[in-house]
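**Q** structure14.txt (compact mmCIF, C-alpha atoms) pasted underneath:
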```txt
# COMPACT_ATOMS: atom_id res chain seq x y z
CA MET K 1327 70.26 -70.68 -46.66
CA ARG K 1328 67.25 -72.99 -46.76
CA LEU K 1329 64.34 -72.92 -44.31
CA ALA K 1330 65.84 -75.78 -42.26
CA GLU K 1331 69.09 -73.88 -41.71
CA LEU K 1332 67.24 -70.65 -40.87
CA SER K 1333 65.31 -72.64 -38.28
CA GLU K 1334 68.44 -74.21 -36.84
CA ARG K 1335 70.41 -70.96 -36.64
CA SER K 1336 67.53 -68.98 -35.11
CA GLY K 1337 66.21 -71.69 -32.81
CA VAL K 1338 62.71 -71.01 -34.22
CA SER K 1339 60.74 -74.02 -35.53
CA THR K 1340 60.00 -74.19 -39.26
CA ALA K 1341 56.25 -74.14 -38.48
CA THR K 1342 56.66 -70.84 -36.59
CA ILE K 1343 58.81 -69.37 -39.37
CA LYS K 1344 56.13 -70.29 -41.93
CA TYR K 1345 53.53 -68.63 -39.70
CA TYR K 1346 55.61 -65.43 -39.49
CA LEU K 1347 56.04 -65.48 -43.29
CA ARG K 1348 52.25 -65.80 -43.78
CA GLU K 1349 51.65 -62.99 -41.30
CA GLY K 1350 54.09 -60.72 -43.12
CA LEU K 1351 56.50 -60.47 -40.18
CA LEU K 1352 59.28 -61.85 -42.38
CA PRO K 1353 59.84 -60.89 -46.03
CA PRO K 1354 59.47 -63.86 -48.39
CA GLY K 1355 62.63 -65.73 -49.34
CA ARG K 1356 64.07 -65.72 -52.86
CA ARG K 1357 62.30 -68.53 -54.69
CA VAL K 1358 64.78 -71.05 -56.17
CA THR K 1359 62.47 -73.91 -57.18
CA ALA K 1360 58.70 -74.30 -57.12
CA THR K 1361 58.85 -75.56 -53.53
CA GLN K 1362 62.03 -74.04 -52.12
CA ALA K 1363 63.15 -70.57 -51.18
CA GLU K 1364 66.49 -69.16 -50.13
CA TYR K 1365 66.90 -66.94 -47.03
CA ASP K 1366 69.78 -64.66 -46.05
CA GLU K 1367 71.38 -63.02 -43.01
CA GLU K 1368 68.76 -60.29 -43.05
CA HIS K 1369 66.01 -62.87 -42.57
CA LEU K 1370 67.93 -64.28 -39.64
CA ARG K 1371 68.29 -60.85 -38.02
CA ARG K 1372 64.65 -60.01 -38.61
CA LEU K 1373 63.56 -63.35 -37.19
CA ARG K 1374 65.55 -62.71 -34.02
CA LEU K 1375 63.91 -59.31 -33.59
CA VAL K 1376 60.42 -60.78 -34.11
CA ARG K 1377 61.13 -63.41 -31.46
CA ALA K 1378 62.41 -60.78 -29.03
CA LEU K 1379 59.25 -58.73 -29.52
CA ILE K 1380 56.78 -61.60 -29.33
CA GLN K 1381 58.36 -64.02 -26.87
CA VAL K 1382 60.11 -61.67 -24.47
CA GLY K 1383 58.18 -58.43 -25.00
CA GLY K 1384 54.76 -60.05 -25.12
CA VAL K 1385 53.99 -58.03 -28.26
CA THR K 1386 51.04 -59.22 -30.36
CA VAL K 1387 51.54 -60.16 -34.00
CA ALA K 1388 49.63 -57.03 -35.03
CA SER K 1389 51.82 -54.77 -32.86
CA ALA K 1390 54.98 -56.50 -34.07
CA ARG K 1391 53.86 -55.71 -37.63
CA GLU K 1392 53.53 -52.03 -36.66
CA VAL K 1393 56.97 -52.01 -35.03
CA LEU K 1394 58.52 -53.52 -38.16
CA ALA K 1395 56.67 -51.12 -40.44
CA ALA K 1396 58.14 -48.21 -38.48
CA LEU K 1397 61.64 -49.68 -38.82
CA GLU K 1398 61.23 -50.00 -42.59
CA ASN K 1399 59.70 -46.59 -43.18
CA ASP K 1400 62.25 -44.72 -45.27
CA ASP K 1401 60.30 -41.49 -44.88
CA LEU K 1402 61.37 -41.35 -41.23
CA ASP K 1403 64.87 -40.54 -40.05
CA ARG K 1404 66.62 -42.93 -37.68
CA HIS K 1405 65.41 -41.23 -34.55
CA ASP K 1406 61.81 -41.16 -35.65
CA ARG K 1407 61.97 -44.78 -36.71
CA LEU K 1408 63.08 -45.80 -33.22
CA GLY K 1409 60.51 -43.55 -31.59
CA THR K 1410 57.68 -44.89 -33.73
CA ALA K 1411 58.74 -48.47 -33.12
CA VAL K 1412 58.87 -48.00 -29.34
CA TRP K 1413 55.47 -46.29 -29.66
CA ALA K 1414 54.00 -49.54 -30.96
CA LEU K 1415 55.23 -51.59 -27.98
CA PRO K 1416 52.49 -52.75 -25.62
CA HIS K 1417 51.79 -50.47 -22.69
CA GLY K 1418 49.19 -50.39 -19.97
CA PRO K 1419 45.84 -48.63 -20.38
CA ALA K 1420 45.96 -44.83 -20.52
CA PRO K 1421 44.39 -43.13 -17.49
CA ALA K 1422 40.62 -42.69 -17.72
CA ALA K 1423 39.59 -39.18 -18.74
CA ASP K 1424 37.29 -38.80 -15.72
CA ASP K 1425 39.88 -39.96 -13.18
CA PRO K 1426 40.47 -37.09 -10.72
CA ALA K 1427 43.92 -38.49 -9.85
CA ALA K 1428 44.94 -38.39 -13.52
CA GLU K 1429 44.96 -34.61 -13.81
CA ALA K 1430 47.34 -34.24 -10.84
CA ALA K 1431 49.43 -37.11 -12.19
CA ARG K 1432 49.70 -35.40 -15.56
CA ARG K 1433 50.98 -32.23 -13.88
CA SER K 1434 53.59 -34.27 -11.96
CA ALA K 1435 54.70 -36.06 -15.14
CA ASP K 1436 55.03 -32.76 -17.04
CA GLU K 1437 57.02 -31.15 -14.24
CA LEU K 1438 59.26 -34.24 -14.03
CA LEU K 1439 60.00 -34.22 -17.77
CA ARG K 1440 60.70 -30.49 -17.63
CA ARG K 1441 63.18 -31.00 -14.79
CA VAL K 1442 65.14 -33.72 -16.51
CA GLY K 1443 64.96 -31.82 -19.80
CA TRP K 1444 63.23 -34.47 -21.91
CA SER K 1445 61.07 -33.22 -24.72
CA TYR K 1446 59.81 -36.33 -26.40
CA GLY K 1447 57.01 -37.37 -24.07
CA GLY K 1448 54.75 -34.40 -24.52
CA ALA K 1449 56.34 -32.45 -27.39
CA ALA K 1450 55.10 -34.74 -30.16
CA PRO K 1451 51.68 -33.83 -31.59
CA ALA K 1452 50.09 -36.49 -29.38
CA PRO K 1453 51.69 -37.60 -26.11
CA SER K 1454 53.44 -40.93 -26.50
CA PRO K 1455 52.03 -44.17 -25.02
CA ALA K 1456 55.01 -44.26 -22.64
CA TYR K 1457 53.89 -40.86 -21.32
CA GLY K 1458 50.33 -42.20 -20.86
CA MET K 1459 51.75 -45.22 -19.04
CA LEU K 1460 53.73 -42.92 -16.71
CA VAL K 1461 50.66 -40.80 -15.93
CA ALA K 1462 48.57 -43.92 -15.25
CA ALA K 1463 51.26 -45.30 -12.93
CA ILE K 1464 51.55 -42.04 -10.94
CA ALA K 1465 47.72 -41.84 -10.68
CA ALA K 1466 47.56 -45.45 -9.44
CA LEU K 1467 50.14 -44.71 -6.73
CA ALA K 1468 48.11 -41.75 -5.47
CA ARG K 1469 44.81 -43.62 -5.59
CA LEU K 1470 46.26 -46.54 -3.67
CA GLY K 1471 47.47 -44.32 -0.84
CA TYR K 1472 51.14 -43.98 -1.87
CA PRO K 1473 51.23 -40.48 -3.32
CA CYS K 1474 54.56 -39.57 -4.90
CA GLY K 1475 55.77 -36.10 -5.70
CA VAL K 1476 58.11 -34.94 -8.42
CA ASP K 1477 61.01 -35.05 -5.93
CA ASP K 1478 60.26 -38.73 -5.30
CA LEU K 1479 60.14 -39.51 -9.01
CA GLU K 1480 63.22 -37.58 -10.07
CA PRO K 1481 65.83 -40.16 -8.96
CA TYR K 1482 64.01 -42.82 -11.03
CA ALA K 1483 64.01 -40.59 -14.12
CA ARG K 1484 67.70 -39.71 -13.68
CA ALA K 1485 68.60 -43.39 -13.27
CA MET K 1486 66.70 -44.31 -16.45
CA GLY K 1487 68.35 -41.41 -18.29
CA ARG K 1488 71.80 -42.75 -17.38
CA LEU K 1489 70.84 -46.29 -18.40
CA ALA K 1490 69.57 -45.06 -21.79
CA VAL K 1491 73.09 -43.73 -22.45
CA THR K 1492 74.49 -47.15 -21.47
CA ASP K 1493 71.92 -48.87 -23.74
CA LEU K 1494 72.77 -46.82 -26.81
CA ASP K 1495 76.53 -47.11 -26.17
CA LEU K 1496 75.98 -50.87 -26.26
CA VAL K 1497 74.03 -50.55 -29.51
CA GLU K 1498 76.82 -48.54 -31.12
CA ARG K 1499 79.34 -51.14 -29.98
CA TYR K 1500 77.38 -53.89 -31.76
CA GLY K 1501 78.12 -51.84 -34.89
CA GLY K 1502 76.40 -52.56 -38.17
CA SER K 1503 74.59 -50.25 -40.55
CA PRO K 1504 72.41 -47.42 -39.21
CA ASP K 1505 69.34 -49.56 -39.93
CA GLU K 1506 70.81 -52.42 -37.96
CA GLN K 1507 71.53 -50.11 -35.05
CA VAL K 1508 67.94 -48.88 -34.89
CA GLU K 1509 66.78 -52.49 -34.98
CA ALA K 1510 69.18 -53.39 -32.15
CA ALA K 1511 67.96 -50.40 -30.11
CA VAL K 1512 64.35 -51.61 -30.36
CA ALA K 1513 65.36 -55.17 -29.46
CA LEU K 1514 67.37 -54.00 -26.45
CA THR K 1515 64.56 -51.76 -25.23
CA VAL K 1516 62.38 -54.85 -25.02
CA LEU K 1517 64.98 -57.43 -23.99
CA TYR K 1518 66.39 -55.41 -21.09
CA GLU K 1519 62.99 -54.91 -19.44
CA PRO K 1520 63.00 -58.31 -17.69
CA VAL K 1521 66.69 -57.80 -16.85
CA LEU K 1522 65.84 -54.56 -15.08
CA LEU K 1523 62.74 -55.84 -13.29
CA SER K 1524 64.47 -58.98 -12.03
CA LEU K 1525 67.52 -57.04 -10.85
CA ARG K 1526 65.25 -54.59 -9.08
CA ARG K 1527 63.47 -57.36 -7.18
CA LEU K 1528 66.80 -58.88 -6.19
CA ALA K 1529 68.00 -55.44 -5.09
CA GLU K 1530 64.82 -54.87 -3.05
CA ALA K 1531 65.24 -58.19 -1.27
CA GLU K 1532 68.89 -57.36 -0.59
CA GLU K 1533 68.20 -53.87 0.76
CA SER K 1534 65.31 -55.20 2.83
CA ARG K 1535 67.60 -57.82 4.35
CA ARG K 1536 70.11 -55.10 5.21
CA ARG K 1537 67.47 -52.99 6.97
CA PHE K 1538 64.92 -55.36 8.41
CA GLU K 1539 66.66 -58.64 9.15
CA GLU K 1540 66.38 -59.46 12.80
CA ARG K 1541 69.76 -60.57 14.04
CA MET Q 1458 32.61 -48.22 8.25
CA ARG Q 1459 29.98 -49.99 6.15
CA LEU Q 1460 30.62 -51.69 2.80
CA ALA Q 1461 29.38 -48.62 0.87
CA GLU Q 1462 31.90 -46.35 2.57
CA LEU Q 1463 34.73 -48.86 2.10
CA SER Q 1464 33.82 -48.90 -1.60
CA GLU Q 1465 33.73 -45.13 -1.85
CA ARG Q 1466 37.02 -44.58 -0.02
CA SER Q 1467 38.88 -47.27 -1.94
CA GLY Q 1468 37.34 -46.63 -5.35
CA VAL Q 1469 36.62 -50.38 -5.59
CA SER Q 1470 33.03 -51.42 -6.45
CA THR Q 1471 31.01 -53.24 -3.77
CA ALA Q 1472 30.69 -56.23 -6.14
CA THR Q 1473 34.49 -56.48 -6.41
CA ILE Q 1474 34.91 -56.12 -2.64
CA LYS Q 1475 32.41 -58.95 -2.09
CA TYR Q 1476 34.37 -61.06 -4.57
CA TYR Q 1477 37.64 -60.38 -2.71
CA LEU Q 1478 35.92 -61.28 0.59
CA ARG Q 1479 34.68 -64.59 -0.89
CA GLU Q 1480 38.17 -65.34 -2.25
CA GLY Q 1481 39.75 -64.69 1.14
CA LEU Q 1482 41.79 -61.70 -0.07
CA LEU Q 1483 40.12 -59.54 2.58
CA PRO Q 1484 39.39 -60.66 6.13
CA PRO Q 1485 35.64 -60.66 6.92
CA GLY Q 1486 34.20 -57.55 8.55
CA ARG Q 1487 32.87 -57.51 12.10
CA ARG Q 1488 29.24 -58.61 11.80
CA VAL Q 1489 26.85 -56.04 13.38
CA THR Q 1490 23.48 -57.31 12.17
CA ALA Q 1491 22.42 -60.39 10.24
CA THR Q 1492 23.00 -58.58 6.96
CA GLN Q 1493 25.60 -55.92 7.76
CA ALA Q 1494 29.26 -55.91 8.67
CA GLU Q 1495 31.61 -53.20 9.82
CA TYR Q 1496 35.04 -52.61 8.23
CA ASP Q 1497 38.03 -50.67 9.52
CA GLU Q 1498 41.16 -48.86 8.30
CA GLU Q 1499 43.01 -52.13 8.04
CA HIS Q 1500 40.44 -53.40 5.53
CA LEU Q 1501 40.95 -50.23 3.53
CA ARG Q 1502 44.74 -50.63 3.51
CA ARG Q 1503 44.51 -54.29 2.58
CA LEU Q 1504 42.04 -53.50 -0.20
CA ARG Q 1505 44.45 -50.97 -1.67
CA LEU Q 1506 47.27 -53.50 -1.64
CA VAL Q 1507 45.08 -56.13 -3.33
CA ARG Q 1508 44.17 -53.65 -6.05
CA ALA Q 1509 47.83 -52.71 -6.56
CA LEU Q 1510 48.76 -56.35 -6.95
CA ILE Q 1511 45.88 -57.36 -9.21
CA GLN Q 1512 45.23 -54.27 -11.30
CA VAL Q 1513 48.72 -52.82 -11.66
CA GLY Q 1514 50.89 -55.87 -11.06
CA GLY Q 1515 48.77 -58.26 -13.09
CA VAL Q 1516 48.93 -60.74 -10.21
CA THR Q 1517 46.36 -63.57 -10.27
CA VAL Q 1518 43.94 -64.00 -7.35
CA ALA Q 1519 45.80 -67.17 -6.35
CA SER Q 1520 49.19 -65.38 -6.35
CA ALA Q 1521 47.75 -62.42 -4.46
CA ARG Q 1522 46.56 -64.87 -1.79
CA GLU Q 1523 50.14 -66.22 -1.53
CA VAL Q 1524 51.59 -62.71 -1.24
CA LEU Q 1525 49.13 -61.85 1.54
CA ALA Q 1526 49.79 -65.13 3.36
CA ALA Q 1527 53.51 -64.28 3.40
CA LEU Q 1528 52.76 -60.83 4.82
CA GLU Q 1529 50.67 -62.34 7.61
CA ASN Q 1530 53.05 -65.13 8.51
CA ASP Q 1531 54.18 -64.34 12.04
CA ASP Q 1532 56.78 -67.10 11.89
CA LEU Q 1533 58.81 -65.02 9.44
CA ASP Q 1534 60.73 -61.90 10.39
CA ARG Q 1535 60.09 -58.72 8.45
CA HIS Q 1536 62.79 -59.32 5.89
CA ASP Q 1537 61.64 -62.83 5.12
CA ARG Q 1538 58.06 -61.67 4.87
CA LEU Q 1539 59.00 -59.15 2.19
CA GLY Q 1540 61.22 -61.67 0.40
CA THR Q 1541 58.50 -64.33 0.40
CA ALA Q 1542 55.88 -61.86 -0.80
CA VAL Q 1543 58.07 -60.64 -3.68
CA TRP Q 1544 58.73 -64.34 -4.42
CA ALA Q 1545 55.02 -64.82 -5.14
CA LEU Q 1546 54.89 -61.99 -7.69
CA PRO Q 1547 54.47 -63.15 -11.29
CA HIS Q 1548 57.67 -63.65 -13.23
CA GLY Q 1549 58.44 -65.00 -16.66
CA PRO Q 1550 59.16 -68.69 -17.28
CA ALA Q 1551 62.41 -70.04 -15.85
CA PRO Q 1552 64.97 -71.03 -18.49
CA ALA Q 1553 64.52 -74.54 -19.89
CA ALA Q 1554 66.89 -77.08 -18.34
CA ASP Q 1555 68.18 -78.18 -21.76
CA ASP Q 1556 68.81 -74.66 -23.04
CA PRO Q 1557 72.54 -74.39 -23.82
CA ALA Q 1558 72.38 -70.59 -23.42
CA ALA Q 1559 70.97 -70.98 -19.90
CA GLU Q 1560 74.11 -72.47 -18.41
CA ALA Q 1561 76.27 -69.57 -19.62
CA ALA Q 1562 73.57 -67.13 -18.49
CA ARG Q 1563 73.55 -68.70 -15.04
CA ARG Q 1564 77.33 -68.21 -14.76
CA SER Q 1565 76.94 -64.55 -15.80
CA ALA Q 1566 74.16 -63.99 -13.27
CA ASP Q 1567 76.19 -65.60 -10.47
CA GLU Q 1568 79.28 -63.54 -11.30
CA LEU Q 1569 77.14 -60.39 -11.43
CA LEU Q 1570 75.54 -61.06 -8.03
CA ARG Q 1571 78.97 -61.81 -6.58
CA ARG Q 1572 80.34 -58.51 -7.88
CA VAL Q 1573 77.55 -56.40 -6.44
CA GLY Q 1574 77.52 -58.49 -3.25
CA TRP Q 1575 73.91 -59.72 -3.36
CA SER Q 1576 72.53 -63.09 -2.36
CA TYR Q 1577 70.09 -64.95 -4.64
CA GLY Q 1578 67.22 -62.76 -3.60
CA GLY Q 1579 66.21 -64.32 -0.36
CA ALA Q 1580 67.57 -66.17 2.59
CA ALA Q 1581 65.97 -69.32 1.17
CA PRO Q 1582 68.14 -72.23 0.03
CA ALA Q 1583 66.71 -72.23 -3.51
CA PRO Q 1584 67.34 -69.29 -5.84
CA SER Q 1585 64.38 -66.92 -6.06
CA PRO Q 1586 62.07 -66.58 -9.08
CA ALA Q 1587 63.65 -63.15 -9.70
CA TYR Q 1588 66.98 -64.93 -10.16
CA GLY Q 1589 65.35 -67.36 -12.63
CA MET Q 1590 63.86 -64.39 -14.48
CA LEU Q 1591 67.31 -62.77 -14.69
CA VAL Q 1592 68.91 -65.96 -16.05
CA ALA Q 1593 66.12 -66.36 -18.63
CA ALA Q 1594 66.52 -62.73 -19.73
CA ILE Q 1595 70.32 -63.05 -20.15
CA ALA Q 1596 69.85 -66.33 -22.06
CA ALA Q 1597 67.28 -64.70 -24.36
CA LEU Q 1598 69.68 -61.84 -25.14
CA ALA Q 1599 72.44 -64.29 -26.11
CA ARG Q 1600 70.12 -66.49 -28.17
CA LEU Q 1601 68.76 -63.50 -30.07
CA GLY Q 1602 72.22 -62.32 -31.07
CA TYR Q 1603 72.76 -59.63 -28.42
CA PRO Q 1604 75.14 -61.34 -26.02
CA CYS Q 1605 75.86 -59.34 -22.90
CA GLY Q 1606 78.72 -59.89 -20.51
CA VAL Q 1607 78.92 -59.22 -16.81
CA ASP Q 1608 80.56 -55.83 -17.53
CA ASP Q 1609 77.51 -54.88 -19.63
CA LEU Q 1610 75.10 -55.93 -16.90
CA GLU Q 1611 76.88 -54.36 -13.95
CA PRO Q 1612 75.66 -50.76 -14.52
CA TYR Q 1613 72.06 -52.03 -14.55
CA ALA Q 1614 72.54 -53.90 -11.28
CA ARG Q 1615 74.24 -50.91 -9.63
CA ALA Q 1616 71.42 -48.61 -10.78
CA MET Q 1617 68.77 -50.96 -9.38
CA GLY Q 1618 70.75 -51.24 -6.13
CA ARG Q 1619 70.70 -47.46 -5.72
CA LEU Q 1620 66.97 -47.29 -6.50
CA ALA Q 1621 66.21 -50.00 -3.92
CA VAL Q 1622 67.74 -47.69 -1.29
CA THR Q 1623 65.51 -44.87 -2.59
CA ASP Q 1624 62.47 -47.18 -2.49
CA LEU Q 1625 62.98 -48.26 1.10
CA ASP Q 1626 63.77 -44.69 2.22
CA LEU Q 1627 60.38 -43.78 0.79
CA VAL Q 1628 58.74 -46.67 2.64
CA GLU Q 1629 60.28 -45.56 5.93
CA ARG Q 1630 59.07 -42.02 5.29
CA TYR Q 1631 55.48 -43.27 4.93
CA GLY Q 1632 55.93 -44.46 8.51
CA GLY Q 1633 53.45 -46.78 10.17
CA SER Q 1634 53.98 -50.01 12.04
CA PRO Q 1635 56.63 -52.50 10.90
CA ASP Q 1636 53.83 -54.59 9.36
CA GLU Q 1637 52.56 -51.59 7.44
CA GLN Q 1638 56.06 -50.87 6.16
CA VAL Q 1639 56.50 -54.36 4.79
CA GLU Q 1640 53.09 -54.04 3.11
CA ALA Q 1641 54.11 -50.68 1.60
CA ALA Q 1642 57.40 -52.17 0.37
CA VAL Q 1643 55.52 -54.91 -1.51
CA ALA Q 1644 53.05 -52.40 -2.97
CA LEU Q 1645 55.87 -50.09 -4.11
CA THR Q 1646 57.83 -52.95 -5.66
CA VAL Q 1647 54.83 -53.60 -7.89
CA LEU Q 1648 53.58 -50.05 -8.39
CA TYR Q 1649 56.94 -48.61 -9.44
CA GLU Q 1650 57.49 -51.19 -12.18
CA PRO Q 1651 55.35 -49.32 -14.77
CA VAL Q 1652 56.90 -46.03 -13.57
CA LEU Q 1653 60.36 -47.40 -14.33
CA LEU Q 1654 59.49 -48.98 -17.67
CA SER Q 1655 57.69 -45.89 -18.96
CA LEU Q 1656 60.51 -43.58 -17.85
CA ARG Q 1657 63.01 -45.88 -19.53
CA ARG Q 1658 61.16 -45.75 -22.85
CA LEU Q 1659 60.95 -41.96 -22.63
CA ALA Q 1660 64.68 -41.85 -21.81
CA GLU Q 1661 65.50 -44.13 -24.76
CA ALA Q 1662 63.56 -41.90 -27.14
CA GLU Q 1663 65.32 -38.83 -25.72
CA GLU Q 1664 68.81 -40.32 -25.99
CA SER Q 1665 68.05 -41.61 -29.47
CA ARG Q 1666 66.97 -38.13 -30.54
CA ARG Q 1667 70.22 -36.74 -29.18
CA ARG Q 1668 72.35 -39.21 -31.14
CA PHE Q 1669 70.44 -40.05 -34.28
CA GLU Q 1670 68.29 -37.08 -35.20
CA GLU Q 1671 69.25 -35.77 -38.62
CA ARG Q 1672 69.53 -32.03 -38.37
```
Render the structure in this file as structure tokens.
**A**
Amino acid sequence: MRLAELSERSGVSTATIKYYLREGLLPPGRRVTATQAEYDEEHLRRLRLVRALIQVGGVTVASAREVLAALENDDLDRHDRLGTAVWALPHGPAPAADDPAAEAARRSADELLRRVGWSYGGAAPAPSPAYGMLVAAIAALARLGYPCGVDDLEPYARAMGRLAVTDLDLVERYGGSPDEQVEAAVALTVLYEPVLLSLRRLAEAEESRRRFEER
Amino acid sequence: MRLAELSERSGVSTATIKYYLREGLLPPGRRVTATQAEYDEEHLRRLRLVRALIQVGGVTVASAREVLAALENDDLDRHDRLGTAVWALPHGPAPAADDPAAEAARRSADELLRRVGWSYGGAAPAPSPAYGMLVAAIAALARLGYPCGVDDLEPYARAMGRLAVTDLDLVERYGGSPDEQVEAAVALTVLYEPVLLSLRRLAEAEESRRRFEER
């Protein structure tokens, strides 16, 4: 397909597509004349992923490039490609090294991961950014006067563990090649974050109404 | 306590506290001399909430002021105070009116809320920003080639419903006056968002390892 059709089918303007091409977020099309190139279904899929990362995930162009590089790295197996791609997603600042709350938070996070039997967070040579984000969040809770113990955190971890099974079932149902499935898993990780946060706020309001509404 | 002690106990610099005082995010202290004021436990609690909103929640000073105004509004009952405060939290853009995916997304969101028995996220006549965020997220999924039906979304809503019960149990365990509980509920809504997102990414990596790792 030509650039105009790629734009129409993806809902992304031709100017933005040209920008992504220049930035290396999309592979170049197959040149057919001096001024025209031909794009295929793979460009369309890639373009959708880039939009998911940048528009919904708030990922920078540089981080999006890292995510895509991980997805294309044939030296990694499927699992490691997904892990490396999720690694490149934006995350809050890691806890400061001199933060006294951070050491206690790190112990809580480690104990939590041990309890739910997850190895990825700390088992890799360096802890993942998601692990750093968890430690920072636990430290912030303590510092702000809402300390939470491992017992408090466990139901959240179990709930996320169950949803990860749901997520990857969904990915397998979309089908496609193994590469396409890894790509879909990264997209869904990002695209379901606002779904989860908005549902949680609606659920909070609902549960608060149930408990606190004065009749 | 004096400003220096308030700073030490909250971990917030005196310059930042003075800025919050000027911006009306903290009520003024009780003046004891021409140059000194006295602060109490309520200032400390309020300061912690402001930090949670601004530093962890990424809330702007203007939005934080709205959240606090809702918490102090004696015309609202406790439920409406929480609902209004959560209302003022930042949320993504609402779906564009002319977006063809938005209409279908709105029908999905309505059917989902009907199934789980929730209102639109507040007693208010207009749907809440969290509802708009949900519709935008569902529309983005469809537009990017990952359509999700109400059956796909339901497990996420049920999971968030269960966690909202856990959240408010935690709030009631912290105890305090009804006003303090509403304040804690707002703080926890914000502070647990990075906890949830980081745990979800760790869970995704774990589940991906289980399914995709080449042995």
**Q** Taking all atoms listed in the file into account, find every residue of chain Q that has an atom no more than 6 Å from chain K, and write it out as a list in words.
**A**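 Therefore, the residues near the partner are Arg1505, Arg1535, His1536, Gly1540, Gly1578, Ala1587, Met1590, Leu1591, Ala1594, Leu1601, Ala1614, Met1617, Gly1618, Ala1621, Val1652, Ser1655, Leu1656, Arg1657, Ala1660, Glu1661, Ala1662, Ser1665, Arg1666, Phe1669 and Glu1670 of chain Q.
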**Q** Would you work out the distance separating atom CA of K:Val1338 from atom CA of Q:Glu1560, expressed in Å to one decimal?
**A**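 Atom-to-atom, atom CA of K:Val1338 to atom CA of Q:Glu1560, that is 19.5 Å.
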**Q** Could you jot down the atom CA of Q:Ser1634 to atom CA of Q:Asp1531 separation for me, Å, one decimal place?
**A**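 Between atom CA of Q:Ser1634 and atom CA of Q:Asp1531 the gap is 14.3 Å.
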**Q** Using only C-alpha atoms, find the one residue out of Q:Asp1567, Q:Glu1523, Q:Asp1556, Q:Asp1532 that sits nearest to Q:Ala1599.
**A**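 Of Q:Asp1567, Q:Glu1523, Q:Asp1556, Q:Asp1532, the one nearest Q:Ala1599, counting only C-alpha atoms, is Q:Asp1556.
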**Q** Of the residues K:Ala1396, K:Ala1465, K:Ala1414, K:Val1476, which is the one nearest to K:Ser1434, using all atoms listed in the file?
**A** K:Val1476
**Q** For the atom pair atom CA of K:Ala1390 and atom CA of K:Leu1347, what is the interatomic distance in Å to one decimal place?
**A**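 It comes out at 12.9 Å.
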**Q** For a quick check of understanding, using only C-alpha atoms, which of Q:Ile1511, Q:Arg1571, Q:Leu1460, Q:Ala1562 has the smallest distance to Q:Gly1486?
**A**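 Ranked by minimum distance to Q:Gly1486, first place goes to Q:Leu1460.
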